[in-house]
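Peer 1: See my_file.cif below, with mmCIF, C-alpha atoms.
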data_final
#
loop_
_atom_site.label_atom_id
_atom_site.label_comp_id
_atom_site.auth_asym_id
_atom_site.auth_seq_id
_atom_site.Cartn_x
_atom_site.Cartn_y
_atom_site.Cartn_z
CA MET A 1 -44.16 101.36 -213.26
CA PRO A 2 -40.39 101.92 -213.84
CA PRO A 3 -38.15 98.83 -213.95
CA LEU A 4 -36.70 97.75 -210.62
CA VAL A 5 -33.12 98.21 -211.83
CA HIS A 6 -33.60 101.97 -211.44
CA ARG A 7 -34.71 101.69 -207.84
CA HIS A 8 -31.32 101.26 -206.20
CA PRO A 9 -29.61 104.18 -207.98
CA LEU A 10 -32.57 106.37 -207.00
CA ALA A 11 -32.21 105.29 -203.38
CA ALA A 12 -28.48 106.04 -203.55
CA GLN A 13 -29.27 109.49 -204.92
CA ALA A 14 -31.79 110.07 -202.12
CA ALA A 15 -29.14 108.99 -199.60
CA GLU A 16 -26.70 111.52 -201.08
CA VAL A 17 -29.27 114.32 -200.81
CA LEU A 18 -30.01 113.38 -197.19
CA LEU A 19 -26.31 113.23 -196.37
CA GLY A 20 -25.79 116.64 -197.98
CA ARG A 21 -28.51 118.17 -195.85
CA ILE A 22 -27.03 116.59 -192.72
CA ARG A 23 -23.57 117.91 -193.62
CA ALA A 24 -25.09 121.37 -194.15
CA GLY A 25 -26.39 121.31 -190.59
CA GLU A 26 -30.09 121.06 -191.34
CA TRP A 27 -30.40 118.31 -188.71
CA PRO A 28 -27.86 118.46 -185.86
CA LEU A 29 -26.39 115.43 -184.16
CA GLY A 30 -29.09 113.59 -182.21
CA ARG A 31 -31.97 115.30 -184.05
CA LYS A 32 -34.91 113.26 -185.28
CA LEU A 33 -35.62 113.46 -189.01
CA PRO A 34 -39.06 114.50 -190.28
CA GLY A 35 -41.62 111.72 -190.69
CA GLU A 36 -41.39 109.30 -193.58
CA THR A 37 -44.26 110.84 -195.58
CA THR A 38 -42.91 114.38 -195.22
CA LEU A 39 -39.32 113.43 -196.03
CA ALA A 40 -40.28 111.32 -199.05
CA ALA A 41 -42.32 114.25 -200.44
CA GLN A 42 -39.39 116.64 -199.88
CA LEU A 43 -37.04 114.34 -201.77
CA GLY A 44 -39.54 113.52 -204.50
CA VAL A 45 -39.26 109.76 -204.00
CA GLY A 46 -41.52 106.98 -202.81
CA ARG A 47 -41.50 105.77 -199.24
CA SER A 48 -39.85 102.47 -200.16
CA THR A 49 -37.01 104.35 -201.87
CA LEU A 50 -36.66 106.61 -198.83
CA ARG A 51 -36.44 103.56 -196.56
CA GLU A 52 -33.61 102.16 -198.69
CA ALA A 53 -31.80 105.49 -198.52
CA ILE A 54 -32.16 105.54 -194.73
CA ARG A 55 -30.92 101.94 -194.51
CA GLU A 56 -27.87 102.89 -196.59
CA LEU A 57 -27.00 105.81 -194.30
CA ALA A 58 -27.73 103.71 -191.22
CA GLY A 59 -25.24 101.14 -192.50
CA LYS A 60 -22.66 103.91 -192.73
CA GLY A 61 -23.34 105.04 -189.17
CA VAL A 62 -24.99 108.35 -190.07
CA LEU A 63 -28.58 107.48 -189.14
CA ASP A 64 -30.24 105.23 -186.59
CA SER A 65 -33.75 103.96 -187.20
CA ARG A 66 -35.39 103.27 -183.85
CA GLN A 67 -38.52 101.17 -183.83
CA GLY A 68 -41.49 103.25 -182.75
CA SER A 69 -39.43 106.41 -182.28
CA GLY A 70 -38.22 107.48 -185.72
CA VAL A 71 -34.92 108.09 -187.47
CA PHE A 72 -32.15 110.00 -185.69
CA VAL A 73 -28.86 111.58 -186.81
CA THR A 74 -25.96 109.71 -185.19
CA ALA A 75 -23.05 111.18 -187.21
CA LEU A 76 -22.59 114.30 -189.32
CA ASP A 77 -20.68 112.57 -192.10
CA VAL A 78 -19.68 109.14 -193.33
CA ALA A 79 -16.60 107.91 -191.50
CA GLU A 80 -13.55 107.23 -193.63
CA GLU A 81 -12.72 103.54 -194.04
CA TRP A 82 -10.48 102.46 -191.15
CA ASP A 83 -7.96 100.69 -193.40
CA ALA A 84 -7.53 103.87 -195.45
CA VAL A 85 -6.95 105.90 -192.29
CA LEU A 86 -4.22 103.50 -191.13
CA ARG A 87 -2.53 103.38 -194.54
CA ARG A 88 -2.29 107.18 -194.61
CA ALA A 89 -1.35 107.65 -190.94
CA ALA A 90 2.21 108.32 -189.88
CA ILE A 91 3.75 105.39 -188.05
CA GLY A 92 4.18 107.59 -184.97
CA ALA A 93 0.44 108.19 -184.82
CA VAL A 94 -0.25 104.47 -185.19
CA LEU A 95 2.16 103.66 -182.36
CA GLU A 96 0.60 106.32 -180.12
CA ALA A 97 -2.74 104.58 -180.60
CA ARG A 98 -1.08 101.24 -179.99
CA ILE A 99 0.41 102.54 -176.73
CA ALA A 100 -3.03 103.57 -175.52
CA ILE A 101 -4.53 100.21 -176.43
CA GLU A 102 -1.73 97.93 -175.25
CA ALA A 103 -1.04 99.71 -171.97
CA GLU A 104 -4.70 99.33 -171.04
CA ALA A 105 -4.73 95.75 -172.33
CA ALA A 106 -1.69 94.90 -170.21
CA ALA A 107 -3.44 96.25 -167.11
CA LEU A 108 -6.59 94.29 -167.94
CA ALA A 109 -4.53 91.16 -168.61
CA ALA A 110 -3.00 91.49 -165.13
CA HIS A 111 -6.49 91.53 -163.67
CA ARG A 112 -8.12 88.92 -165.90
CA ARG A 113 -5.49 86.47 -167.10
CA THR A 114 -6.20 82.82 -166.54
CA PRO A 115 -3.60 80.06 -166.05
CA THR A 116 -4.18 79.14 -169.70
CA ASP A 117 -3.55 82.75 -170.79
CA LEU A 118 -0.36 82.88 -168.76
CA ARG A 119 0.94 79.66 -170.32
CA ALA A 120 0.23 81.06 -173.81
CA ILE A 121 2.05 84.29 -172.96
CA ARG A 122 5.09 82.40 -171.65
CA ARG A 123 5.16 80.16 -174.75
CA ALA A 124 5.06 83.24 -176.99
CA LEU A 125 7.85 84.85 -174.94
CA ALA A 126 9.99 81.70 -175.32
CA ALA A 127 9.40 81.65 -179.09
CA ARG A 128 10.40 85.30 -179.25
CA ALA A 129 13.65 84.55 -177.39
CA ILE A 130 14.91 82.17 -180.06
CA GLY A 131 16.07 85.12 -182.18
CA ASP A 132 15.62 83.84 -185.72
CA PRO A 133 17.98 85.65 -188.13
CA ASP A 134 15.07 86.21 -190.52
CA VAL A 135 13.73 89.68 -189.72
CA GLU A 136 10.22 88.77 -190.87
CA VAL A 137 10.15 85.87 -188.40
CA LEU A 138 11.44 88.12 -185.61
CA VAL A 139 8.63 90.61 -186.23
CA ASP A 140 6.07 87.80 -186.46
CA THR A 141 7.10 86.25 -183.12
CA ASP A 142 7.10 89.68 -181.44
CA THR A 143 3.62 90.40 -182.81
CA ALA A 144 2.41 87.00 -181.64
CA PHE A 145 3.69 87.70 -178.14
CA HIS A 146 1.91 91.05 -177.90
CA ARG A 147 -1.28 89.48 -179.20
CA THR A 148 -1.27 86.91 -176.38
CA VAL A 149 -1.30 89.81 -173.91
CA LEU A 150 -4.27 91.32 -175.74
CA VAL A 151 -6.07 87.97 -175.65
CA ALA A 152 -5.46 87.73 -171.89
CA ALA A 153 -7.27 91.07 -171.47
CA HIS A 154 -10.47 89.32 -172.62
CA ASN A 155 -11.74 92.31 -174.57
CA ASP A 156 -12.73 91.51 -178.16
CA VAL A 157 -12.73 95.17 -179.21
CA LEU A 158 -9.11 95.65 -178.14
CA ILE A 159 -8.11 92.48 -180.00
CA GLU A 160 -9.77 93.71 -183.19
CA LEU A 161 -8.10 97.12 -182.90
CA PHE A 162 -4.71 95.52 -182.37
CA GLY A 163 -5.26 93.30 -185.41
CA SER A 164 -6.05 96.32 -187.56
CA PHE A 165 -2.71 97.93 -186.63
CA VAL A 166 -0.59 94.85 -187.34
CA PRO A 167 0.00 95.27 -191.12
CA ARG A 168 1.00 98.94 -190.77
CA VAL A 169 3.36 98.30 -187.83
CA HIS A 170 4.73 95.06 -189.31
CA ARG A 171 6.10 96.86 -192.38
CA ALA A 172 7.67 99.63 -190.30
CA MET A 173 9.23 97.17 -187.83
CA THR A 174 10.63 95.01 -190.62
CA ASP A 175 12.21 98.02 -192.32
CA LEU A 176 13.62 99.28 -189.01
CA LEU A 177 15.23 95.97 -188.03
CA ARG A 178 16.77 95.54 -191.47
CA ALA A 179 18.34 98.97 -191.20
CA ARG A 180 19.11 98.85 -187.47
CA PRO A 181 19.28 95.34 -185.98
CA ILE A 182 18.65 95.01 -182.25
CA THR A 183 22.01 95.65 -180.57
CA ALA A 184 21.03 94.35 -177.12
CA PRO A 185 18.57 91.48 -177.65
CA GLU A 186 19.00 90.30 -174.05
CA GLU A 187 17.82 93.67 -172.70
CA ASP A 188 14.91 93.70 -175.12
CA GLN A 189 13.86 90.20 -174.06
CA ALA A 190 14.28 91.15 -170.39
CA ALA A 191 11.85 94.05 -170.88
CA HIS A 192 9.27 91.65 -172.27
CA LEU A 193 9.92 89.19 -169.44
CA ALA A 194 9.30 91.97 -166.91
CA LEU A 195 5.92 92.59 -168.54
CA VAL A 196 5.07 88.90 -168.29
CA GLU A 197 6.03 88.81 -164.62
CA ALA A 198 3.89 91.85 -163.87
CA ILE A 199 0.93 90.15 -165.51
CA ALA A 200 1.68 86.91 -163.64
CA ASP A 201 1.83 88.88 -160.35
CA LYS A 202 -1.45 90.62 -161.21
CA ASP A 203 0.28 93.99 -160.90
CA ALA A 204 -1.85 96.06 -163.28
CA SER A 205 -0.06 99.38 -162.81
CA ALA A 206 3.37 97.84 -163.43
CA ALA A 207 2.10 95.95 -166.48
CA ALA A 208 0.64 99.11 -167.99
CA GLU A 209 3.79 101.14 -167.33
CA LEU A 210 6.11 98.46 -168.75
CA SER A 211 4.00 98.17 -171.88
CA ARG A 212 3.91 101.94 -172.28
CA ALA A 213 7.67 102.30 -171.78
CA HIS A 214 8.49 99.58 -174.32
CA LEU A 215 6.20 100.97 -177.02
CA THR A 216 7.31 104.55 -176.38
CA ALA A 217 10.92 103.48 -176.95
CA LEU A 218 9.80 101.76 -180.16
CA LYS A 219 8.03 104.92 -181.31
CA GLU A 220 11.17 106.97 -180.69
CA ALA A 221 13.26 104.45 -182.64
CA LEU A 222 10.87 104.60 -185.60
CA SER A 223 10.44 108.39 -185.59
#
Now, as a test, write the supplied structure out as structure tokens.
Peer 2:
Amino acid sequence: MPPLVHRHPLAAQAAEVLLGRIRAGEWPLGRKLPGETTLAAQLGVGRSTLREAIRELAGKGVLDSRQGSGVFVTALDVAEEWDAVLRRAAIGAVLEARIAIEAEAAALAAHRRTPTDLRAIRRALAARAIGDPDVEVLVDTDTAFHRTVLVAAHNDVLIELFGSFVPRVHRAMTDLLRARPITAPEEDQAAHLALVEAIADKDASAAAELSRAHLTALKEALS
């Protein structure tokens, strides 16, 4: 019996072979893989090694092992790490995604906000109005404000997505404000106040449009 230390590399190799066959189109999206005995024989590995290989690809979102039904193809390749995608993406593309997320979040916040949410949003707006001369602080207070709107939407997925964008946007915003300080801070704050009032009034369409307009202007400034 070979030592156990060789088992994991063998499973990783089996996972690579399986992934290669999926990439080559042998099993289309949604197709069920052959049975465990057949597949293990094809790969020349034991069933326990095959199971580890399937677990590895399931963890990467390529396969789905369904109790009593078999193993199915759920993706045709391993998705690139999200952080790597954001690091490589142009800031315009990141802001376009942010527009989609935050406009919808603003509409949801208008529908779902609680009195507690509204108080948090107003506190964040007040903190943003102080206008600290430190650019980093300005960007931080602006980010905190927008996050309170996301929280008021009561959608954990949207909050996580917003959080993933923050480092990429924070750097770009900091660089922009150092090069081009806000020339009309009162107008900028008024635009954010209008968003807050739309959320307070439970006007979902106005909240979405105000959020979209603000972030579109930001995208144009950063382009």
Peer 1: Report the distance between CA of His111 in chain A and CA of Asp188 in chain A in Å, rounded to one decimal place.
Peer 2: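 Result for CA of His111 in chain A versus CA of Asp188 in chain A: 24.4 Å, one decimal.
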Peer 1: Choose the residue, out of A:Val94, A:Leu63, A:Ala40, A:Ala126, that has the smallest atom-to-atom separation from Ala11 in chain A; count all atoms listed in the file.
Peer 2: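 Smallest distance to Ala11 in chain A is found for A:Ala40.
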Peer 1: For range 114-120 of chain A, list every protein, DNA or RNA residue within 7 Å, evaluated using all atoms listed in the file, and leave out those in the same chain fewer than 5 positions away; present the list as a PyMOL selection string.
Peer 2: chain A and resi 148+152+200
Peer 1: From the set A:Leu138, A:Ala106, A:Leu57, A:Leu222, which residue has the shortest atom-to-atom contact distance to Glu209 in chain A, counting all atoms listed in the file?
Peer 2: A:Ala106
Peer 1: Go through A:Ile130, A:Leu158, A:Val149, A:Leu176 one by one, measure the shortest atom-to-atom distance of each to Gln189 in chain A using all atoms listed in the file, and give the residue with the smallest value.
Peer 2: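 Residue with the minimum atom-to-atom distance to Gln189 in chain A: A:Ile130.
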Peer 1: For CA of Ala191 in chain A and CA of Asp142 in chain A, determine how far apart the two atoms are, in Å to one decimal place.
Peer 2: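 Separation of CA of Ala191 in chain A and CA of Asp142 in chain A: 12.4 Å.
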Peer 1: When the PyMOL selection byres ((chain A and resi 205) around 12) is applied to the file above, which residues end up in the set, as number ranges by chain?
Peer 2: A: 103-111, 195, 198-199, 201-204, 206-212
Peer 1: So what do you get for CA of Pro9 in chain A versus CA of Asp64 in chain A, distance-wise?
Peer 2: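 About the pair CA of Pro9 in chain A and CA of Asp64 in chain A: they are 21.4 Å apart.
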Peer 1: Would you please work out which residue, of A:Ala124, A:Val151, A:His146, A:Val135, is nearest to Arg178 in chain A when using only C-alpha atoms?
Peer 2: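 Going through A:Ala124, A:Val151, A:His146, A:Val135 one by one, the smallest distance to Arg178 in chain A is for A:Val135.
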Peer 1: Could you tell me which of A:Val17, A:Ile101, A:Val169, A:Leu177 comes closest to Asn155 in chain A if we count all atoms listed in the file?
Peer 2: A:Ile101
Peer 1: Got a sec: who's within 8 Å of range 69-77 of chain A, counting all atoms listed in the file, leaving out chain neighbours fewer than 5 positions off, as a VMD selection string?
Peer 2: chain A and resid 19 22 to 23 27 to 33 35 61 to 64
Peer 1: With distances taken over only C-alpha atoms, which residue among A:Glu52, A:Glu102, A:Glu36, A:Gly46 lies nearest Ala12 in chain A?
Peer 2: A:Glu52
Peer 1: Could you write out as a ChimeraX atom specification the residues that the PyMOL selection byres ((chain A and resi 37) around 12) matches in the shown file?
Peer 2: /A:33-36,38-51
